[in-house]
file run_9.cif (mmCIF, N, CA and C atoms)
data_final
loop_
_atom_site.label_atom_id
_atom_site.label_comp_id
_atom_site.auth_asym_id
_atom_site.auth_seq_id
_atom_site.Cartn_x
_atom_site.Cartn_y
_atom_site.Cartn_z
N ILE C 285 133.04 72.90 107.37
CA ILE C 285 131.95 73.47 106.61
C ILE C 285 130.84 72.43 106.51
N SER C 286 129.64 72.88 106.34
CA SER C 286 128.51 71.97 106.36
C SER C 286 127.50 72.34 105.28
N ASN C 287 126.83 71.33 104.77
CA ASN C 287 125.78 71.51 103.77
C ASN C 287 126.30 72.16 102.49
N PHE C 288 127.45 71.71 102.03
CA PHE C 288 128.02 72.12 100.74
C PHE C 288 127.85 70.93 99.80
N TYR C 289 126.93 71.03 98.84
CA TYR C 289 126.61 69.89 98.00
C TYR C 289 127.09 70.01 96.56
N LYS C 290 127.82 71.07 96.27
CA LYS C 290 128.42 71.23 94.94
C LYS C 290 129.92 71.27 95.10
N LEU C 291 130.61 70.45 94.31
CA LEU C 291 132.06 70.38 94.40
C LEU C 291 132.69 71.76 94.24
N GLU C 292 132.19 72.55 93.29
CA GLU C 292 132.79 73.87 93.05
C GLU C 292 132.67 74.77 94.29
N ASP C 293 131.64 74.59 95.09
CA ASP C 293 131.50 75.39 96.31
C ASP C 293 132.53 74.96 97.36
N VAL C 294 132.75 73.67 97.48
CA VAL C 294 133.76 73.17 98.41
C VAL C 294 135.15 73.65 97.95
N GLN C 295 135.42 73.54 96.66
CA GLN C 295 136.70 74.00 96.13
C GLN C 295 136.89 75.49 96.37
N TRP C 296 135.84 76.28 96.12
CA TRP C 296 135.94 77.73 96.32
C TRP C 296 136.26 78.04 97.78
N ALA C 297 135.54 77.40 98.69
CA ALA C 297 135.77 77.63 100.12
C ALA C 297 137.21 77.26 100.50
N TYR C 298 137.69 76.17 99.95
CA TYR C 298 139.05 75.72 100.22
C TYR C 298 140.07 76.71 99.64
N ASP C 299 139.88 77.05 98.39
CA ASP C 299 140.84 77.93 97.70
C ASP C 299 140.88 79.34 98.26
N HIS C 300 139.79 79.83 98.81
CA HIS C 300 139.70 81.21 99.25
C HIS C 300 139.76 81.39 100.77
N SER C 301 140.15 80.35 101.47
CA SER C 301 140.24 80.49 102.93
C SER C 301 141.71 80.47 103.37
N ARG C 302 142.01 81.30 104.33
CA ARG C 302 143.36 81.33 104.90
C ARG C 302 143.56 80.08 105.76
N ILE C 303 142.56 79.77 106.56
CA ILE C 303 142.59 78.55 107.37
C ILE C 303 141.70 77.54 106.64
N LYS C 304 142.32 76.49 106.12
CA LYS C 304 141.62 75.53 105.28
C LYS C 304 140.63 74.69 106.08
N PRO C 305 139.50 74.39 105.49
CA PRO C 305 138.54 73.51 106.18
C PRO C 305 139.17 72.14 106.45
N LYS C 306 138.88 71.60 107.60
CA LYS C 306 139.37 70.27 107.97
C LYS C 306 138.25 69.24 107.98
N VAL C 307 136.99 69.72 107.89
CA VAL C 307 135.84 68.82 107.93
C VAL C 307 134.78 69.33 106.97
N VAL C 308 134.21 68.42 106.19
CA VAL C 308 132.99 68.69 105.44
C VAL C 308 131.93 67.80 106.06
N GLN C 309 130.83 68.40 106.47
CA GLN C 309 129.76 67.66 107.13
C GLN C 309 128.50 67.81 106.28
N ASN C 310 128.07 66.70 105.66
CA ASN C 310 126.94 66.72 104.73
C ASN C 310 126.00 65.56 104.99
N ARG C 311 124.74 65.75 104.51
CA ARG C 311 123.83 64.61 104.43
C ARG C 311 124.41 63.64 103.42
N PHE C 312 124.29 62.37 103.70
CA PHE C 312 124.79 61.32 102.81
C PHE C 312 123.57 60.67 102.18
N TYR C 313 123.23 61.13 100.97
CA TYR C 313 121.99 60.64 100.38
C TYR C 313 122.07 60.63 98.85
N ALA C 314 121.14 59.91 98.25
CA ALA C 314 121.16 59.66 96.81
C ALA C 314 121.04 60.94 95.99
N GLU C 315 120.21 61.87 96.44
CA GLU C 315 119.97 63.08 95.66
C GLU C 315 121.24 63.89 95.43
N SER C 316 122.24 63.73 96.30
CA SER C 316 123.52 64.41 96.12
C SER C 316 124.55 63.48 95.47
N GLY C 317 124.09 62.33 95.00
CA GLY C 317 125.02 61.35 94.42
C GLY C 317 125.97 60.79 95.46
N HIS C 318 125.53 60.82 96.71
CA HIS C 318 126.37 60.38 97.83
C HIS C 318 127.71 61.10 97.86
N ASP C 319 127.71 62.32 97.31
CA ASP C 319 128.89 63.21 97.37
C ASP C 319 130.17 62.54 96.88
N VAL C 320 130.07 61.72 95.85
CA VAL C 320 131.25 61.00 95.34
C VAL C 320 132.40 61.97 95.04
N GLU C 321 132.12 63.03 94.29
CA GLU C 321 133.19 63.96 93.91
C GLU C 321 133.68 64.76 95.12
N ILE C 322 132.78 65.18 95.97
CA ILE C 322 133.18 65.94 97.16
C ILE C 322 134.04 65.07 98.07
N ARG C 323 133.66 63.82 98.25
CA ARG C 323 134.45 62.93 99.10
C ARG C 323 135.84 62.69 98.51
N ALA C 324 135.94 62.61 97.19
CA ALA C 324 137.26 62.45 96.55
C ALA C 324 138.11 63.70 96.79
N PHE C 325 137.50 64.88 96.67
CA PHE C 325 138.21 66.12 96.94
C PHE C 325 138.70 66.13 98.39
N CYS C 326 137.83 65.76 99.31
CA CYS C 326 138.20 65.71 100.72
C CYS C 326 139.39 64.78 100.94
N LYS C 327 139.34 63.63 100.36
CA LYS C 327 140.42 62.65 100.50
C LYS C 327 141.73 63.23 99.98
N ASP C 328 141.67 63.89 98.83
CA ASP C 328 142.87 64.46 98.21
C ASP C 328 143.44 65.65 98.99
N HIS C 329 142.61 66.30 99.81
CA HIS C 329 143.04 67.50 100.52
C HIS C 329 143.06 67.31 102.04
N ASP C 330 143.08 66.05 102.48
CA ASP C 330 143.17 65.72 103.90
C ASP C 330 142.06 66.40 104.71
N ILE C 331 140.84 66.32 104.18
CA ILE C 331 139.65 66.86 104.84
C ILE C 331 138.78 65.69 105.27
N GLU C 332 138.35 65.69 106.50
CA GLU C 332 137.48 64.63 106.98
C GLU C 332 136.07 64.85 106.44
N TYR C 333 135.47 63.80 105.91
CA TYR C 333 134.08 63.86 105.46
C TYR C 333 133.22 63.21 106.52
N GLN C 334 132.32 63.98 107.11
CA GLN C 334 131.38 63.47 108.11
C GLN C 334 129.99 63.43 107.49
N SER C 335 129.30 62.32 107.71
CA SER C 335 127.95 62.19 107.18
C SER C 335 126.92 62.29 108.30
N PHE C 336 125.82 62.92 107.96
CA PHE C 336 124.66 62.86 108.84
C PHE C 336 123.47 62.45 107.99
N TRP C 337 122.38 62.08 108.62
CA TRP C 337 121.20 61.54 107.94
C TRP C 337 121.57 60.24 107.22
N THR C 338 122.60 59.60 107.73
CA THR C 338 123.23 58.45 107.07
C THR C 338 122.27 57.27 106.94
N LEU C 339 121.63 56.90 108.02
CA LEU C 339 120.71 55.76 107.97
C LEU C 339 119.36 56.14 107.39
N THR C 340 118.85 57.27 107.80
CA THR C 340 117.52 57.70 107.37
C THR C 340 117.41 57.76 105.86
N ALA C 341 118.45 58.22 105.20
CA ALA C 341 118.40 58.43 103.76
C ALA C 341 118.76 57.20 102.93
N ASN C 342 119.23 56.13 103.57
CA ASN C 342 119.76 55.00 102.80
C ASN C 342 119.23 53.64 103.22
N PRO C 343 117.96 53.52 103.57
CA PRO C 343 117.47 52.22 104.03
C PRO C 343 117.55 51.13 102.97
N ASP C 344 117.44 51.49 101.70
CA ASP C 344 117.52 50.47 100.65
C ASP C 344 118.89 49.80 100.62
N ALA C 345 119.91 50.52 101.00
CA ALA C 345 121.27 49.95 100.96
C ALA C 345 121.49 48.95 102.08
N TYR C 346 121.01 49.23 103.28
CA TYR C 346 121.28 48.28 104.36
C TYR C 346 120.14 47.30 104.60
N ARG C 347 119.02 47.49 103.90
CA ARG C 347 117.92 46.51 103.99
C ARG C 347 117.86 45.62 102.75
N HIS C 348 118.81 45.80 101.86
CA HIS C 348 118.93 44.96 100.66
C HIS C 348 119.23 43.53 101.13
N GLN C 349 118.65 42.55 100.47
CA GLN C 349 118.78 41.16 100.93
C GLN C 349 120.23 40.72 101.08
N ALA C 350 121.07 41.05 100.12
CA ALA C 350 122.48 40.65 100.21
C ALA C 350 123.17 41.33 101.39
N ALA C 351 122.81 42.59 101.66
CA ALA C 351 123.38 43.30 102.81
C ALA C 351 122.90 42.69 104.12
N LEU C 352 121.64 42.30 104.18
CA LEU C 352 121.11 41.65 105.38
C LEU C 352 121.85 40.35 105.67
N GLU C 353 122.11 39.59 104.63
CA GLU C 353 122.85 38.33 104.80
C GLU C 353 124.28 38.59 105.26
N LEU C 354 124.92 39.60 104.68
CA LEU C 354 126.30 39.93 105.07
C LEU C 354 126.32 40.43 106.52
N ALA C 355 125.35 41.23 106.91
CA ALA C 355 125.28 41.72 108.29
C ALA C 355 125.18 40.55 109.26
N GLU C 356 124.34 39.59 108.94
CA GLU C 356 124.20 38.42 109.80
C GLU C 356 125.51 37.65 109.88
N GLU C 357 126.16 37.48 108.75
CA GLU C 357 127.44 36.77 108.72
C GLU C 357 128.49 37.48 109.58
N LYS C 358 128.46 38.81 109.59
CA LYS C 358 129.44 39.60 110.33
C LYS C 358 129.02 39.86 111.78
N GLU C 359 127.85 39.31 112.16
CA GLU C 359 127.29 39.49 113.49
C GLU C 359 127.09 40.98 113.82
N LEU C 360 126.50 41.67 112.84
CA LEU C 360 126.17 43.09 112.98
C LEU C 360 124.70 43.30 112.68
N THR C 361 124.16 44.38 113.18
CA THR C 361 122.84 44.79 112.73
C THR C 361 123.01 45.33 111.31
N PRO C 362 121.95 45.39 110.53
CA PRO C 362 122.07 45.99 109.20
C PRO C 362 122.59 47.43 109.28
N GLU C 363 122.13 48.16 110.28
CA GLU C 363 122.59 49.54 110.46
C GLU C 363 124.08 49.58 110.79
N GLY C 364 124.51 48.67 111.63
CA GLY C 364 125.93 48.57 111.97
C GLY C 364 126.79 48.27 110.76
N LEU C 365 126.29 47.36 109.91
CA LEU C 365 127.02 47.06 108.68
C LEU C 365 127.15 48.30 107.81
N PHE C 366 126.09 49.10 107.74
CA PHE C 366 126.15 50.31 106.91
C PHE C 366 127.13 51.32 107.50
N TYR C 367 127.14 51.47 108.81
CA TYR C 367 128.15 52.36 109.42
C TYR C 367 129.56 51.83 109.14
N ALA C 368 129.75 50.54 109.23
CA ALA C 368 131.06 49.96 108.95
C ALA C 368 131.46 50.21 107.50
N PHE C 369 130.50 50.10 106.60
CA PHE C 369 130.74 50.40 105.19
C PHE C 369 131.20 51.85 105.04
N CYS C 370 130.48 52.77 105.68
CA CYS C 370 130.85 54.18 105.58
C CYS C 370 132.28 54.40 106.07
N MET C 371 132.62 53.82 107.20
CA MET C 371 133.96 53.99 107.73
C MET C 371 135.01 53.36 106.83
N ALA C 372 134.67 52.23 106.21
CA ALA C 372 135.62 51.57 105.32
C ALA C 372 135.96 52.41 104.09
N ILE C 373 135.02 53.26 103.67
CA ILE C 373 135.29 54.10 102.49
C ILE C 373 135.68 55.53 102.88
N GLY C 374 136.04 55.72 104.16
CA GLY C 374 136.59 57.00 104.59
C GLY C 374 135.61 58.02 105.11
N ILE C 375 134.41 57.61 105.41
CA ILE C 375 133.38 58.51 105.95
C ILE C 375 133.33 58.34 107.46
N SER C 376 133.21 59.46 108.17
CA SER C 376 132.96 59.41 109.61
C SER C 376 131.46 59.67 109.82
N PRO C 377 130.68 58.61 110.00
CA PRO C 377 129.24 58.82 110.16
C PRO C 377 128.92 59.39 111.54
N LEU C 378 128.08 60.39 111.56
CA LEU C 378 127.62 60.96 112.82
C LEU C 378 126.35 60.23 113.23
N VAL C 379 126.35 59.71 114.42
CA VAL C 379 125.21 58.95 114.91
C VAL C 379 124.40 59.88 115.80
N GLY C 380 123.18 60.15 115.41
CA GLY C 380 122.35 61.10 116.14
C GLY C 380 121.29 60.46 117.00
N THR C 381 121.42 59.19 117.28
CA THR C 381 120.37 58.50 118.03
C THR C 381 120.35 58.91 119.50
N THR C 382 119.20 58.79 120.10
CA THR C 382 119.06 58.95 121.54
C THR C 382 118.70 57.60 122.18
N ASN C 383 118.64 56.57 121.35
CA ASN C 383 118.29 55.22 121.81
C ASN C 383 119.55 54.54 122.36
N GLU C 384 119.51 54.14 123.63
CA GLU C 384 120.68 53.54 124.26
C GLU C 384 121.16 52.27 123.56
N LEU C 385 120.24 51.45 123.08
CA LEU C 385 120.62 50.22 122.40
C LEU C 385 121.39 50.53 121.11
N TYR C 386 120.91 51.51 120.34
CA TYR C 386 121.61 51.88 119.12
C TYR C 386 122.98 52.48 119.42
N MET C 387 123.06 53.26 120.50
CA MET C 387 124.35 53.81 120.91
C MET C 387 125.33 52.69 121.26
N LYS C 388 124.83 51.70 122.01
CA LYS C 388 125.68 50.58 122.39
C LYS C 388 126.16 49.82 121.15
N ASP C 389 125.27 49.60 120.20
CA ASP C 389 125.67 48.93 118.95
C ASP C 389 126.77 49.71 118.24
N ALA C 390 126.64 51.03 118.19
CA ALA C 390 127.65 51.86 117.53
C ALA C 390 128.99 51.79 118.26
N ILE C 391 128.95 51.82 119.58
CA ILE C 391 130.18 51.73 120.37
C ILE C 391 130.82 50.36 120.20
N ASP C 392 130.02 49.31 120.21
CA ASP C 392 130.55 47.96 120.01
C ASP C 392 131.22 47.83 118.64
N LEU C 393 130.61 48.41 117.62
CA LEU C 393 131.21 48.40 116.29
C LEU C 393 132.55 49.12 116.30
N MET C 394 132.59 50.30 116.91
CA MET C 394 133.84 51.06 116.98
C MET C 394 134.91 50.26 117.72
N ASP C 395 134.53 49.58 118.80
CA ASP C 395 135.49 48.75 119.54
C ASP C 395 136.05 47.65 118.64
N ARG C 396 135.20 47.03 117.85
CA ARG C 396 135.66 45.97 116.94
C ARG C 396 136.65 46.52 115.93
N ILE C 397 136.33 47.68 115.36
CA ILE C 397 137.21 48.28 114.36
C ILE C 397 138.52 48.74 114.99
N ARG C 398 138.44 49.38 116.14
CA ARG C 398 139.65 49.86 116.81
C ARG C 398 140.55 48.73 117.26
N SER C 399 139.98 47.56 117.52
CA SER C 399 140.80 46.41 117.92
C SER C 399 141.50 45.77 116.72
N GLY C 400 141.23 46.32 115.53
CA GLY C 400 141.92 45.83 114.34
C GLY C 400 141.08 44.93 113.44
N GLU C 401 139.85 44.66 113.85
CA GLU C 401 139.01 43.81 113.01
C GLU C 401 138.68 44.52 111.70
N GLN C 402 138.87 43.81 110.63
CA GLN C 402 138.49 44.35 109.33
C GLN C 402 137.13 43.75 108.99
N ILE C 403 136.10 44.58 109.04
CA ILE C 403 134.73 44.10 108.83
C ILE C 403 134.56 43.58 107.41
N PHE C 404 135.06 44.32 106.43
CA PHE C 404 134.98 43.92 105.03
C PHE C 404 136.33 43.36 104.63
N VAL C 405 136.36 42.09 104.25
CA VAL C 405 137.65 41.46 103.96
C VAL C 405 138.10 41.64 102.51
N ASN C 406 137.19 42.10 101.65
CA ASN C 406 137.57 42.32 100.26
C ASN C 406 136.60 43.31 99.60
N SER C 407 136.95 43.71 98.40
CA SER C 407 136.13 44.71 97.71
C SER C 407 134.77 44.15 97.30
N GLU C 408 134.67 42.83 97.15
CA GLU C 408 133.38 42.23 96.81
C GLU C 408 132.37 42.44 97.94
N GLU C 409 132.84 42.30 99.18
CA GLU C 409 131.94 42.53 100.31
C GLU C 409 131.52 44.00 100.37
N LEU C 410 132.45 44.91 100.15
CA LEU C 410 132.12 46.33 100.12
C LEU C 410 131.11 46.62 99.02
N ALA C 411 131.28 45.98 97.88
CA ALA C 411 130.40 46.23 96.73
C ALA C 411 128.96 45.81 97.01
N ILE C 412 128.76 44.85 97.90
CA ILE C 412 127.39 44.44 98.24
C ILE C 412 126.60 45.64 98.74
N VAL C 413 127.20 46.41 99.62
CA VAL C 413 126.52 47.59 100.16
C VAL C 413 126.61 48.74 99.16
N GLY C 414 127.78 48.96 98.60
CA GLY C 414 127.97 50.06 97.66
C GLY C 414 127.05 50.00 96.47
N ASN C 415 126.89 48.83 95.90
CA ASN C 415 126.00 48.70 94.74
C ASN C 415 124.54 48.90 95.12
N ALA C 416 124.20 48.57 96.36
CA ALA C 416 122.82 48.74 96.81
C ALA C 416 122.47 50.22 97.02
N LEU C 417 123.48 51.10 97.09
CA LEU C 417 123.22 52.53 97.24
C LEU C 417 122.48 53.08 96.02
N GLY C 418 122.74 52.50 94.86
CA GLY C 418 122.09 52.98 93.66
C GLY C 418 122.69 54.26 93.11
N THR C 419 123.94 54.53 93.44
CA THR C 419 124.61 55.73 92.95
C THR C 419 125.34 55.39 91.66
N PRO C 420 125.00 56.05 90.55
CA PRO C 420 125.61 55.72 89.27
C PRO C 420 127.13 55.86 89.26
N GLU C 421 127.67 56.79 90.04
CA GLU C 421 129.11 57.03 90.06
C GLU C 421 129.86 56.04 90.95
N TRP C 422 129.14 55.17 91.63
CA TRP C 422 129.78 54.27 92.59
C TRP C 422 130.77 53.35 91.89
N ASN C 423 131.97 53.29 92.44
CA ASN C 423 132.99 52.37 91.96
C ASN C 423 133.80 51.92 93.17
N THR C 424 133.71 50.65 93.51
CA THR C 424 134.35 50.13 94.71
C THR C 424 135.83 50.45 94.72
N GLU C 425 136.51 50.25 93.62
CA GLU C 425 137.96 50.47 93.58
C GLU C 425 138.31 51.93 93.84
N ASP C 426 137.51 52.85 93.35
CA ASP C 426 137.77 54.29 93.58
C ASP C 426 137.60 54.65 95.05
N GLU C 427 136.75 53.92 95.74
CA GLU C 427 136.44 54.25 97.13
C GLU C 427 137.52 53.79 98.11
N LEU C 428 138.33 52.84 97.69
CA LEU C 428 139.32 52.28 98.62
C LEU C 428 140.60 53.05 98.66
#
call {"tool": "encode", "arguments": {"input": "run_9.cif", "output": "structure tokens"}}
result
Amino acid sequence: ISNFYKLEDVQWAYDHSRIKPKVVQNRFYAESGHDVEIRAFCKDHDIEYQSFWTLTANPDAYRHQAALELAEEKELTPEGLFYAFCMAIGISPLVGTTNELYMKDAIDLMDRIRSGEQIFVNSEELAIVGNALGTPEWNTEDEL
């Protein structure tokens, strides 16, 4: 299902469907509170949460000075760090770029993660990006 921004709508769709949704695909942005409650529901019901508009809607989070420093330390672009953050908290970000360089960066990041590299070594590193989102409901421990 896609573009469901109210938890009760996602719950209704889940409760009233014979074949349960396996994916919720939403914009990941501040106006929806970054779907904190919907993502928790997805996690509890084995539903994949896919984000789109991920970078466009959240430049303050990955251009924040502390995030820029962490990206440099991790040898990632700021955008790559934000994608890694999304994946670390259980989001599958959809990359809609047509730019070959950005595609290569995304593939390189996936290769690093698939090889077992843990980009964020602790909750403090995750909180650098999470706190920069500006979402009042954000809680690093709840996201892990």
call {"tool": "residues_around", "arguments": {"input": "run_9.cif", "residues": "stretch 321-334 of chain C", "least_positions_apart": "2", "cutoff": "6.5 Å", "atoms": "all atoms listed in the file", "output": "CSV table (one decimal) with N, CA and C atoms, in the frame of the given file"}}
result
chain,number,residue,atom,x,y,z
C,291,LEU,N,130.6,70.4,94.3
C,291,LEU,CA,132.1,70.4,94.4
C,291,LEU,C,132.7,71.8,94.2
C,305,PRO,N,139.5,74.4,105.5
C,305,PRO,CA,138.5,73.5,106.2
C,305,PRO,C,139.2,72.1,106.4
C,306,LYS,N,138.9,71.6,107.6
C,306,LYS,CA,139.4,70.3,108.0
C,306,LYS,C,138.2,69.2,108.0
C,307,VAL,N,137.0,69.7,107.9
C,307,VAL,CA,135.8,68.8,107.9
C,307,VAL,C,134.8,69.3,107.0
C,308,VAL,N,134.2,68.4,106.2
C,308,VAL,CA,133.0,68.7,105.4
C,308,VAL,C,131.9,67.8,106.1
C,309,GLN,N,130.8,68.4,106.5
C,309,GLN,CA,129.8,67.7,107.1
C,309,GLN,C,128.5,67.8,106.3
C,310,ASN,N,128.1,66.7,105.7
C,310,ASN,CA,126.9,66.7,104.7
C,310,ASN,C,126.0,65.6,105.0
C,311,ARG,N,124.7,65.8,104.5
C,311,ARG,CA,123.8,64.6,104.4
C,311,ARG,C,124.4,63.6,103.4
C,318,HIS,N,125.5,60.8,96.7
C,318,HIS,CA,126.4,60.4,97.8
C,318,HIS,C,127.7,61.1,97.9
C,319,ASP,N,127.7,62.3,97.3
C,319,ASP,CA,128.9,63.2,97.4
C,319,ASP,C,130.2,62.5,96.9
C,336,PHE,N,125.8,62.9,108.0
C,336,PHE,CA,124.7,62.9,108.8
C,336,PHE,C,123.5,62.4,108.0
C,374,GLY,N,136.0,55.7,104.2
C,374,GLY,CA,136.6,57.0,104.6
C,374,GLY,C,135.6,58.0,105.1
C,375,ILE,N,134.4,57.6,105.4
C,375,ILE,CA,133.4,58.5,106.0
C,375,ILE,C,133.3,58.3,107.5
C,376,SER,N,133.2,59.5,108.2
C,376,SER,CA,133.0,59.4,109.6
C,376,SER,C,131.5,59.7,109.8
C,377,PRO,N,130.7,58.6,110.0
C,377,PRO,CA,129.2,58.8,110.2
C,377,PRO,C,128.9,59.4,111.5
C,378,LEU,N,128.1,60.4,111.6
C,378,LEU,CA,127.6,61.0,112.8
C,378,LEU,C,126.4,60.2,113.2
call {"tool": "select_by_dssp", "arguments": {"input": "run_9.cif", "residues": "stretch 325-396 of chain C", "states": "helix (DSSP H, G or I)", "output": "PyMOL selection string"}}
result
chain C and resi 325-328+343-346+349-357+362-372+384-396
call {"tool": "write_last_selection", "arguments": {"input": "run_9.cif", "atoms": "N, CA and C atoms", "output": "compact mmCIF listing (two decimals), in the coordinates of the input"}}
result
# COMPACT_ATOMS: atom_id res chain seq x y z
N PHE C 325 137.50 64.88 96.67
CA PHE C 325 138.21 66.12 96.94
C PHE C 325 138.70 66.13 98.39
N CYS C 326 137.83 65.76 99.31
CA CYS C 326 138.20 65.71 100.72
C CYS C 326 139.39 64.78 100.94
N LYS C 327 139.34 63.63 100.36
CA LYS C 327 140.42 62.65 100.50
C LYS C 327 141.73 63.23 99.98
N ASP C 328 141.67 63.89 98.83
CA ASP C 328 142.87 64.46 98.21
C ASP C 328 143.44 65.65 98.99
N PRO C 343 117.96 53.52 103.57
CA PRO C 343 117.47 52.22 104.03
C PRO C 343 117.55 51.13 102.97
N ASP C 344 117.44 51.49 101.70
CA ASP C 344 117.52 50.47 100.65
C ASP C 344 118.89 49.80 100.62
N ALA C 345 119.91 50.52 101.00
CA ALA C 345 121.27 49.95 100.96
C ALA C 345 121.49 48.95 102.08
N TYR C 346 121.01 49.23 103.28
CA TYR C 346 121.28 48.28 104.36
C TYR C 346 120.14 47.30 104.60
N GLN C 349 118.65 42.55 100.47
CA GLN C 349 118.78 41.16 100.93
C GLN C 349 120.23 40.72 101.08
N ALA C 350 121.07 41.05 100.12
CA ALA C 350 122.48 40.65 100.21
C ALA C 350 123.17 41.33 101.39
N ALA C 351 122.81 42.59 101.66
CA ALA C 351 123.38 43.30 102.81
C ALA C 351 122.90 42.69 104.12
N LEU C 352 121.64 42.30 104.18
CA LEU C 352 121.11 41.65 105.38
C LEU C 352 121.85 40.35 105.67
N GLU C 353 122.11 39.59 104.63
CA GLU C 353 122.85 38.33 104.80
C GLU C 353 124.28 38.59 105.26
N LEU C 354 124.92 39.60 104.68
CA LEU C 354 126.30 39.93 105.07
C LEU C 354 126.32 40.43 106.52
N ALA C 355 125.35 41.23 106.91
CA ALA C 355 125.28 41.72 108.29
C ALA C 355 125.18 40.55 109.26
N GLU C 356 124.34 39.59 108.94
CA GLU C 356 124.20 38.42 109.80
C GLU C 356 125.51 37.65 109.88
N GLU C 357 126.16 37.48 108.75
CA GLU C 357 127.44 36.77 108.72
C GLU C 357 128.49 37.48 109.58
N PRO C 362 121.95 45.39 110.53
CA PRO C 362 122.07 45.99 109.20
C PRO C 362 122.59 47.43 109.28
N GLU C 363 122.13 48.16 110.28
CA GLU C 363 122.59 49.54 110.46
C GLU C 363 124.08 49.58 110.79
N GLY C 364 124.51 48.67 111.63
CA GLY C 364 125.93 48.57 111.97
C GLY C 364 126.79 48.27 110.76
N LEU C 365 126.29 47.36 109.91
CA LEU C 365 127.02 47.06 108.68
C LEU C 365 127.15 48.30 107.81
N PHE C 366 126.09 49.10 107.74
CA PHE C 366 126.15 50.31 106.91
C PHE C 366 127.13 51.32 107.50
N TYR C 367 127.14 51.47 108.81
CA TYR C 367 128.15 52.36 109.42
C TYR C 367 129.56 51.83 109.14
N ALA C 368 129.75 50.54 109.23
CA ALA C 368 131.06 49.96 108.95
C ALA C 368 131.46 50.21 107.50
N PHE C 369 130.50 50.10 106.60
CA PHE C 369 130.74 50.40 105.19
C PHE C 369 131.20 51.85 105.04
N CYS C 370 130.48 52.77 105.68
CA CYS C 370 130.85 54.18 105.58
C CYS C 370 132.28 54.40 106.07
N MET C 371 132.62 53.82 107.20
CA MET C 371 133.96 53.99 107.73
C MET C 371 135.01 53.36 106.83
N ALA C 372 134.67 52.23 106.21
CA ALA C 372 135.62 51.57 105.32
C ALA C 372 135.96 52.41 104.09
N GLU C 384 119.51 54.14 123.63
CA GLU C 384 120.68 53.54 124.26
C GLU C 384 121.16 52.27 123.56
N LEU C 385 120.24 51.45 123.08
CA LEU C 385 120.62 50.22 122.40
C LEU C 385 121.39 50.53 121.11
N TYR C 386 120.91 51.51 120.34
CA TYR C 386 121.61 51.88 119.12
C TYR C 386 122.98 52.48 119.42
N MET C 387 123.06 53.26 120.50
CA MET C 387 124.35 53.81 120.91
C MET C 387 125.33 52.69 121.26
N LYS C 388 124.83 51.70 122.01
CA LYS C 388 125.68 50.58 122.39
C LYS C 388 126.16 49.82 121.15
N ASP C 389 125.27 49.60 120.20
CA ASP C 389 125.67 48.93 118.95
C ASP C 389 126.77 49.71 118.24
N ALA C 390 126.64 51.03 118.19
CA ALA C 390 127.65 51.86 117.53
C ALA C 390 128.99 51.79 118.26
N ILE C 391 128.95 51.82 119.58
CA ILE C 391 130.18 51.73 120.37
C ILE C 391 130.82 50.36 120.20
N ASP C 392 130.02 49.31 120.21
CA ASP C 392 130.55 47.96 120.01
C ASP C 392 131.22 47.83 118.64
N LEU C 393 130.61 48.41 117.62
CA LEU C 393 131.21 48.40 116.29
C LEU C 393 132.55 49.12 116.30
N MET C 394 132.59 50.30 116.91
CA MET C 394 133.84 51.06 116.98
C MET C 394 134.91 50.26 117.72
N ASP C 395 134.53 49.58 118.80
CA ASP C 395 135.49 48.75 119.54
C ASP C 395 136.05 47.65 118.64
N ARG C 396 135.20 47.03 117.85
CA ARG C 396 135.66 45.97 116.94
C ARG C 396 136.65 46.52 115.93
call {"tool": "closest_residue", "arguments": {"input": "run_9.cif", "among": "C:Leu417, C:Phe312, C:Ile403, C:Val320", "to": "C:Ala368", "atoms": "all atoms listed in the file"}}
result
C:Ile403
call {"tool": "atom_distance", "arguments": {"input": "run_9.cif", "atom1": "atom N of C:Gly418", "atom2": "atom CA of C:Tyr313"}}
result
9.9 Å
call {"tool": "select_by_dssp", "arguments": {"input": "run_9.cif", "residues": "chain C", "states": "strand (DSSP E or B)", "output": "PyMOL selection string"}}
result
chain C and resi 286+307-311+332-336+375-377
call {"tool": "write_last_selection", "arguments": {"input": "run_9.cif", "atoms": "N, CA and C atoms", "output": "compact mmCIF listing (two decimals), in the coordinates of the input"}}
result
# COMPACT_ATOMS: atom_id res chain seq x y z
N SER C 286 129.64 72.88 106.34
CA SER C 286 128.51 71.97 106.36
C SER C 286 127.50 72.34 105.28
N VAL C 307 136.99 69.72 107.89
CA VAL C 307 135.84 68.82 107.93
C VAL C 307 134.78 69.33 106.97
N VAL C 308 134.21 68.42 106.19
CA VAL C 308 132.99 68.69 105.44
C VAL C 308 131.93 67.80 106.06
N GLN C 309 130.83 68.40 106.47
CA GLN C 309 129.76 67.66 107.13
C GLN C 309 128.50 67.81 106.28
N ASN C 310 128.07 66.70 105.66
CA ASN C 310 126.94 66.72 104.73
C ASN C 310 126.00 65.56 104.99
N ARG C 311 124.74 65.75 104.51
CA ARG C 311 123.83 64.61 104.43
C ARG C 311 124.41 63.64 103.42
N GLU C 332 138.35 65.69 106.50
CA GLU C 332 137.48 64.63 106.98
C GLU C 332 136.07 64.85 106.44
N TYR C 333 135.47 63.80 105.91
CA TYR C 333 134.08 63.86 105.46
C TYR C 333 133.22 63.21 106.52
N GLN C 334 132.32 63.98 107.11
CA GLN C 334 131.38 63.47 108.11
C GLN C 334 129.99 63.43 107.49
N SER C 335 129.30 62.32 107.71
CA SER C 335 127.95 62.19 107.18
C SER C 335 126.92 62.29 108.30
N PHE C 336 125.82 62.92 107.96
CA PHE C 336 124.66 62.86 108.84
C PHE C 336 123.47 62.45 107.99
N ILE C 375 134.41 57.61 105.41
CA ILE C 375 133.38 58.51 105.95
C ILE C 375 133.33 58.34 107.46
N SER C 376 133.21 59.46 108.17
CA SER C 376 132.96 59.41 109.61
C SER C 376 131.46 59.67 109.82
N PRO C 377 130.68 58.61 110.00
CA PRO C 377 129.24 58.82 110.16
C PRO C 377 128.92 59.39 111.54
call {"tool": "closest_residue", "arguments": {"input": "run_9.cif", "among": "C:Ser316, C:Glu292, C:Glu353, C:Phe404", "to": "C:Ala372", "atoms": "all atoms listed in the file"}}
result
C:Phe404
